[in-house]
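Engineer: Here you go, this is work.txt (compact mmCIF, C-alpha atoms and all ligand atoms).
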# COMPACT_ATOMS: atom_id res chain seq x y z
CA MET A 178 82.44 19.15 -33.42
CA ILE A 179 84.83 21.04 -35.67
CA PHE A 180 84.71 21.34 -39.46
CA GLU A 181 87.01 23.01 -41.94
CA LEU A 182 85.52 25.36 -44.55
CA LYS A 183 86.67 26.82 -47.82
CA GLN A 184 84.89 28.87 -50.46
CA LYS A 185 83.99 27.06 -53.65
CA LYS A 186 84.19 29.00 -56.93
CA ASN A 187 82.06 27.30 -59.54
CA LYS A 188 80.36 29.06 -62.40
CA PHE A 189 77.67 26.43 -62.89
CA LEU A 190 76.66 26.51 -59.22
CA GLU A 191 76.75 30.28 -58.98
CA GLU A 192 74.52 30.68 -62.00
CA ALA A 193 72.07 28.08 -60.74
CA TYR A 194 72.01 29.88 -57.40
CA LYS A 195 71.49 33.34 -58.90
CA LYS A 196 68.74 32.23 -61.24
CA SER A 197 66.94 30.34 -58.48
CA MET A 198 67.06 33.31 -56.13
CA LYS A 199 65.66 35.61 -58.79
CA GLU A 200 62.80 33.27 -59.68
CA LEU A 201 61.97 32.50 -56.06
CA ASN A 202 61.94 36.19 -55.15
CA ASP A 203 59.48 36.66 -58.00
CA PHE A 204 57.26 33.78 -56.99
CA TYR A 205 57.08 34.52 -53.28
CA GLY A 206 56.96 38.29 -53.77
CA ILE A 207 59.98 38.75 -51.51
CA ASN A 208 63.06 40.84 -52.19
CA TRP A 209 65.80 38.74 -50.58
CA VAL A 210 68.94 40.40 -51.93
CA ARG A 211 71.05 41.02 -48.81
CA ASN A 212 72.49 38.36 -46.52
CA THR A 213 71.33 35.81 -49.06
CA PRO A 214 71.48 32.08 -48.22
CA LYS A 215 74.73 30.16 -47.97
CA ILE A 216 75.11 26.81 -49.67
CA PHE A 217 77.38 24.13 -48.28
CA ILE A 218 78.49 21.20 -50.40
CA VAL A 219 78.78 17.89 -48.57
CA ASN A 220 81.14 15.21 -49.88
CA SER A 221 80.31 12.00 -48.04
CA LYS A 222 77.50 10.27 -46.22
CA GLU A 223 79.62 10.33 -43.07
CA ASP A 224 79.86 14.10 -43.23
CA LYS A 225 76.15 14.25 -43.95
CA CYS A 226 75.36 12.34 -40.77
CA LEU A 227 77.70 14.55 -38.75
CA PHE A 228 76.27 17.78 -40.14
CA ARG A 229 72.72 16.53 -39.66
CA GLY A 230 73.55 15.49 -36.13
CA ASP A 231 72.00 12.03 -36.35
CA GLY A 232 75.29 10.33 -35.49
CA GLY A 233 75.08 8.09 -38.53
CA LYS A 234 72.23 6.15 -36.97
CA ASN A 235 69.57 7.17 -39.43
CA LYS A 236 70.36 4.82 -42.29
CA ASN A 237 66.97 5.54 -43.83
CA ALA A 238 68.18 9.03 -44.61
CA ASP A 239 70.32 7.71 -47.49
CA TRP A 240 67.90 9.24 -49.97
CA ILE A 241 68.46 12.76 -48.66
CA THR A 242 70.48 14.91 -51.08
CA GLY A 243 69.78 18.34 -49.60
CA TRP A 244 68.40 19.92 -46.43
CA THR A 245 67.97 23.24 -44.63
CA PRO A 246 69.11 23.26 -40.99
CA ASN A 247 68.05 26.84 -40.28
CA ASN A 248 66.71 29.97 -41.96
CA ASP A 249 69.57 30.91 -44.26
CA THR A 250 71.58 27.76 -44.93
CA VAL A 251 71.31 24.97 -47.48
CA PHE A 252 73.29 21.75 -47.47
CA VAL A 253 73.50 19.72 -50.68
CA MET A 254 75.48 16.63 -51.51
CA ASN A 255 78.24 17.18 -54.06
CA LEU A 256 76.85 16.43 -57.53
CA ASP A 257 79.71 14.04 -58.25
CA LYS A 258 79.10 12.12 -55.02
CA ILE A 259 75.37 11.55 -55.27
CA LYS A 260 75.88 8.22 -57.03
CA THR A 261 78.09 6.74 -54.34
CA GLU A 262 77.02 8.62 -51.20
CA THR A 263 73.24 8.49 -51.47
CA SER A 264 70.65 5.91 -52.49
CA HIS A 265 70.19 7.63 -55.90
CA LYS A 266 72.44 5.14 -57.65
CA LYS A 267 72.03 6.68 -61.08
CA GLY A 268 73.19 10.03 -59.77
CA TYR A 269 71.69 13.37 -60.82
CA SER A 270 72.04 15.16 -64.14
CA LYS A 271 73.21 18.77 -64.00
CA GLU A 272 69.63 19.81 -64.69
CA GLN A 273 68.31 17.75 -61.77
CA TYR A 274 71.00 19.22 -59.55
CA LYS A 275 70.00 22.78 -60.42
CA VAL A 276 66.48 21.88 -59.48
CA LEU A 277 67.67 20.37 -56.19
CA ILE A 278 69.36 23.66 -55.29
CA LYS A 279 66.23 25.59 -56.16
CA HIS A 280 64.09 23.15 -54.17
CA GLU A 281 66.19 23.64 -51.04
CA LEU A 282 66.31 27.43 -51.48
CA SER A 283 62.55 27.42 -51.89
CA HIS A 284 62.23 25.85 -48.42
CA LEU A 285 63.98 28.93 -47.00
CA PHE A 286 61.48 31.26 -48.66
CA TYR A 287 58.67 29.08 -47.33
CA LYS A 288 60.07 29.52 -43.81
CA ILE A 289 59.87 33.30 -44.25
CA MET A 290 56.20 33.02 -45.25
CA VAL A 291 55.06 30.50 -42.64
CA LYS A 292 57.48 31.48 -39.84
CA ASN A 293 56.81 29.14 -36.92
CA GLY A 294 53.35 28.22 -38.14
CA PHE A 295 52.05 24.67 -38.32
CA TYR A 296 54.35 22.35 -40.29
CA VAL A 297 52.70 20.06 -42.83
CA VAL A 298 55.08 17.86 -44.80
CA TRP A 299 53.00 17.63 -48.00
CA LEU A 300 52.67 21.40 -48.16
CA TRP A 301 56.31 22.03 -47.27
CA GLU A 302 57.56 19.62 -49.94
CA GLY A 303 54.79 20.31 -52.45
CA VAL A 304 55.56 24.01 -52.61
CA ALA A 305 59.31 23.35 -52.97
CA ILE A 306 58.69 20.79 -55.73
CA TYR A 307 56.27 23.05 -57.56
CA THR A 308 58.42 26.18 -57.38
CA SER A 309 61.52 24.29 -58.53
CA GLU A 310 59.61 22.60 -61.37
CA GLN A 311 60.88 19.26 -60.17
CA ASP A 312 57.86 17.43 -61.54
CA ARG A 313 59.33 17.81 -65.03
CA PHE A 314 61.25 14.66 -64.19
CA LYS A 315 58.22 12.74 -62.93
CA LYS A 316 55.12 11.08 -64.27
CA LYS A 317 51.88 12.84 -63.39
CA PRO A 318 49.74 10.64 -61.12
CA VAL A 319 46.40 9.64 -62.65
CA LYS A 320 44.70 10.61 -59.41
CA ILE A 321 45.68 11.70 -55.92
CA LYS A 322 45.59 8.81 -53.47
CA TYR A 323 48.54 9.06 -51.04
CA LEU A 324 48.97 12.76 -50.31
CA LEU A 325 47.07 12.85 -47.02
CA ASN A 326 49.41 10.31 -45.40
CA PHE A 327 52.08 12.96 -45.32
CA TYR A 328 51.13 15.50 -42.71
CA ASP A 329 54.03 14.64 -40.45
CA LYS A 330 56.25 12.23 -42.37
CA HIS A 331 57.99 11.86 -45.73
CA MET A 332 57.62 8.12 -46.31
CA LYS A 333 55.00 5.47 -45.80
CA LYS A 334 55.63 1.74 -46.06
CA TYR A 335 53.00 -0.54 -47.56
CA LYS A 336 53.28 -4.32 -47.79
CA ASP A 337 54.57 -4.22 -51.34
CA LYS A 338 56.02 -0.73 -51.72
CA THR A 339 57.17 2.46 -50.09
CA VAL A 340 55.43 5.67 -51.06
CA SER A 341 56.87 9.11 -50.47
CA VAL A 342 55.49 12.62 -50.17
CA TYR A 343 57.41 13.52 -53.34
CA PHE A 344 55.06 11.52 -55.62
CA GLU A 345 51.98 13.71 -55.51
CA SER A 346 52.52 16.85 -53.45
CA GLY A 347 54.07 18.95 -56.25
CA PHE A 348 51.21 18.08 -58.61
CA PHE A 349 48.70 18.97 -55.95
CA ILE A 350 50.26 22.40 -55.38
CA LYS A 351 50.40 22.94 -59.15
CA MET A 352 46.67 22.25 -59.24
CA LEU A 353 46.04 24.76 -56.44
CA VAL A 354 48.02 27.45 -58.25
CA GLU A 355 46.52 26.77 -61.67
CA LYS A 356 42.91 26.55 -60.49
CA PHE A 357 42.91 29.11 -57.69
CA GLY A 358 45.89 31.38 -58.34
CA LYS A 359 49.24 32.01 -56.75
CA GLU A 360 48.05 34.81 -54.49
CA LYS A 361 45.65 32.50 -52.68
CA LEU A 362 48.46 30.04 -51.98
CA LEU A 363 50.75 32.78 -50.65
CA LYS A 364 47.96 34.12 -48.46
CA PHE A 365 47.30 30.61 -47.17
CA LEU A 366 51.00 30.14 -46.31
CA LYS A 367 51.09 33.44 -44.43
CA SER A 368 47.98 32.64 -42.46
CA LEU A 369 49.56 29.36 -41.26
CA GLN A 370 51.54 31.47 -38.81
CA LYS A 371 48.65 31.29 -36.40
CA VAL A 372 47.71 27.65 -37.00
CA LYS A 373 48.61 25.26 -34.21
CA ASN A 374 47.32 21.81 -35.18
CA LYS A 375 45.96 19.62 -37.96
CA LYS A 376 42.36 20.45 -37.23
CA GLU A 377 42.98 24.19 -37.52
CA PHE A 378 45.02 23.53 -40.64
CA ASP A 379 42.23 21.57 -42.33
CA ASN A 380 39.72 24.25 -41.36
CA LEU A 381 41.86 27.04 -42.72
CA PHE A 382 42.36 25.07 -45.93
CA PHE A 383 38.61 24.67 -46.31
CA LYS A 384 38.02 28.33 -45.56
CA THR A 385 40.57 29.28 -48.22
CA TYR A 386 39.81 26.77 -50.99
CA LYS A 387 36.21 25.78 -50.30
CA PHE A 388 36.85 22.07 -50.60
CA LYS A 389 37.72 19.49 -47.99
CA LEU A 390 40.99 17.64 -47.76
CA ASN A 391 39.71 14.20 -48.64
CA TYR A 392 40.42 12.22 -51.80
CA LYS A 393 36.92 12.51 -53.16
CA GLU A 394 36.89 16.28 -53.11
CA ILE A 395 40.52 16.61 -54.14
CA ASN A 396 40.07 14.39 -57.19
CA LYS A 397 36.88 16.14 -58.22
CA ILE A 398 39.09 19.15 -58.92
CA TYR A 399 42.25 17.29 -59.87
CA LEU A 400 40.56 15.27 -62.60
CA ASN A 401 38.67 18.23 -63.96
ZN ZN B 501 62.39 19.30 -49.63
Let's see the structure in the file written out as structure tokens.

Structural biologist:
Amino acid sequence: MIFELKQKKNKFLEEAYKKSMKELNDFYGINWVRNTPKIFIVNSKEDKCLFRGDGGKNKNADWITGWTPNNDTVFVMNLDKIKTETSHKKGYSKEQYKVLIKHELSHLFYKIMVKNGFYVVWLWEGVAIYTSEQDRFKKKPVKIKYLLNFYDKHMKKYKDKTVSVYFESGFFIKMLVEKFGKEKLLKFLKSLQKVKNKKEFDNLFFKTYKFKLNYKEINKIYLN
């Protein structure tokens, strides 16, 4: 498939990009200043499907506004098209859009830390949400009760509602950082490189944080 490219000059986007890179370098303790990520702006849901390679079949992906196909590339929907081309019918404010860019860039830093280690959706999204301060736009959950559904998926359907990994994961990571420190989280991410399955993941988590990944133990700390 063939696409046509052109460079986009936009002060707002460039500043958001620069600031995000600086803050993410600081957080992850990485110095990514050469061959920095490229951002591609996508203008329609049709293009999104083509770029994502799902042939337009995945209608459930309407909520997706950004993604990272490899180690140095971010795709985001055009800010002006989010209203019409995604399921976010109210669109994004400029502030939310900046955060979206930082969220997607954060995934790239995460990939550097974890390499090809075990992929856990709640950790992957939670770290991106936390580092991009996306939870500013959300209500803090009273307690954690869905998080552990999201090891390998982003959404879960219940009879009366759909719950996503985005509800709680950022707050959970915030808790880990505030109660146990950033260094422990970064060390945990790096040691995922040798983790191959959920059991090893849960064991490594327990070894690192000294509490088990169940709601009782999580909330003992979360509510404290
Ligand atoms: Zn994400």

Engineer: List all protein, DNA and RNA residues that have any atom at most 9 Å from ligand ZN 501 (chain B), counting only C-alpha atoms and all ligand atoms, and write the list as a ChimeraX atom specification.

Structural biologist: /A:241,243-245,277,280-281,283-284,298,301-306,343

Engineer: When distances are computed from all atoms listed in the file, which of A:Val342, A:Leu369, A:Leu201, A:Val219 shows the smallest separation from A:Met254?

Structural biologist: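 Nearest candidate to A:Met254 out of A:Val342, A:Leu369, A:Leu201, A:Val219: A:Val219.
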
Engineer: Out of A:Lys267, A:Glu377, A:Ser341, A:Lys188, which residue has the shortest atom-to-atom distance to A:Leu324 when counting only C-alpha atoms?

Structural biologist: A:Ser341

Engineer: Of the candidates A:Lys387, A:Val297, A:Phe228, A:Phe357, which shows the shortest atom-to-atom distance to A:Lys373, using only C-alpha atoms?

Structural biologist: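 Comparing A:Lys387, A:Val297, A:Phe228, A:Phe357 against A:Lys373, the winner is A:Val297.
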
Engineer: Using only C-alpha atoms, pick whichever of A:Thr261, A:Thr308, A:Asn396, A:Gln370 has the shortest atom-to-atom distance to A:Glu200.

Structural biologist: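 Smallest separation from A:Glu200 among the options: A:Thr308.
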
Engineer: State, in Å with one decimal place, the distance from atom CA of A:Lys364 to atom CA of A:Phe252.

Structural biologist: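 Result for atom CA of A:Lys364 versus atom CA of A:Phe252: 28.2 Å, one decimal.
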
Engineer: Any idea what's packed within 10 Å of stretch 378-382 of chain A, counting all atoms listed in the file, ignoring anything in its chain fewer than 2 positions away? Could you give it as a list in words?

Structural biologist: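 With the cut-off at 10 Å, the set is Gly294, Phe295, Tyr296, Val297, Leu362, Phe365, Ser368, Leu369, Lys371, Val372, Lys373, Asn374, Lys375, Lys376, Lys384, Thr385, Tyr386, Lys387, Phe388, Lys389 and Leu390 of chain A.
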
Engineer: May I ask which of the residues A:Met332, A:Leu325, A:Ile289, A:Val251 is the closest one to A:Ala238, counting all atoms listed in the file?

Structural biologist: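 Residue with the minimum atom-to-atom distance to A:Ala238: A:Met332.
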
Engineer: Using all atoms listed in the file, which of the listed residues (A:Gln273, A:Asp239, A:Lys222, A:Ile395) sits closest to A:Leu353?

Structural biologist: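 Among A:Gln273, A:Asp239, A:Lys222, A:Ile395, it is A:Ile395 that comes nearest to A:Leu353.
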
Engineer: Can you work out the spacing between atom CA of A:Phe204 and atom CA of A:Phe286 in Å, to one decimal?

Structural biologist: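 Atom-to-atom, atom CA of A:Phe204 to atom CA of A:Phe286, that is 9.7 Å.
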
Engineer: Show me, as a PyMOL selection string, the residues that have an atom within 12 Å of stretch 314-319 of chain A when counting all atoms listed in the file, minus same-chain residues fewer than 4 positions from it.

Structural biologist: chain A and resi 269-270+272-274+276-277+306-307+309-310+323-324+343-349+351-352+396+399-401
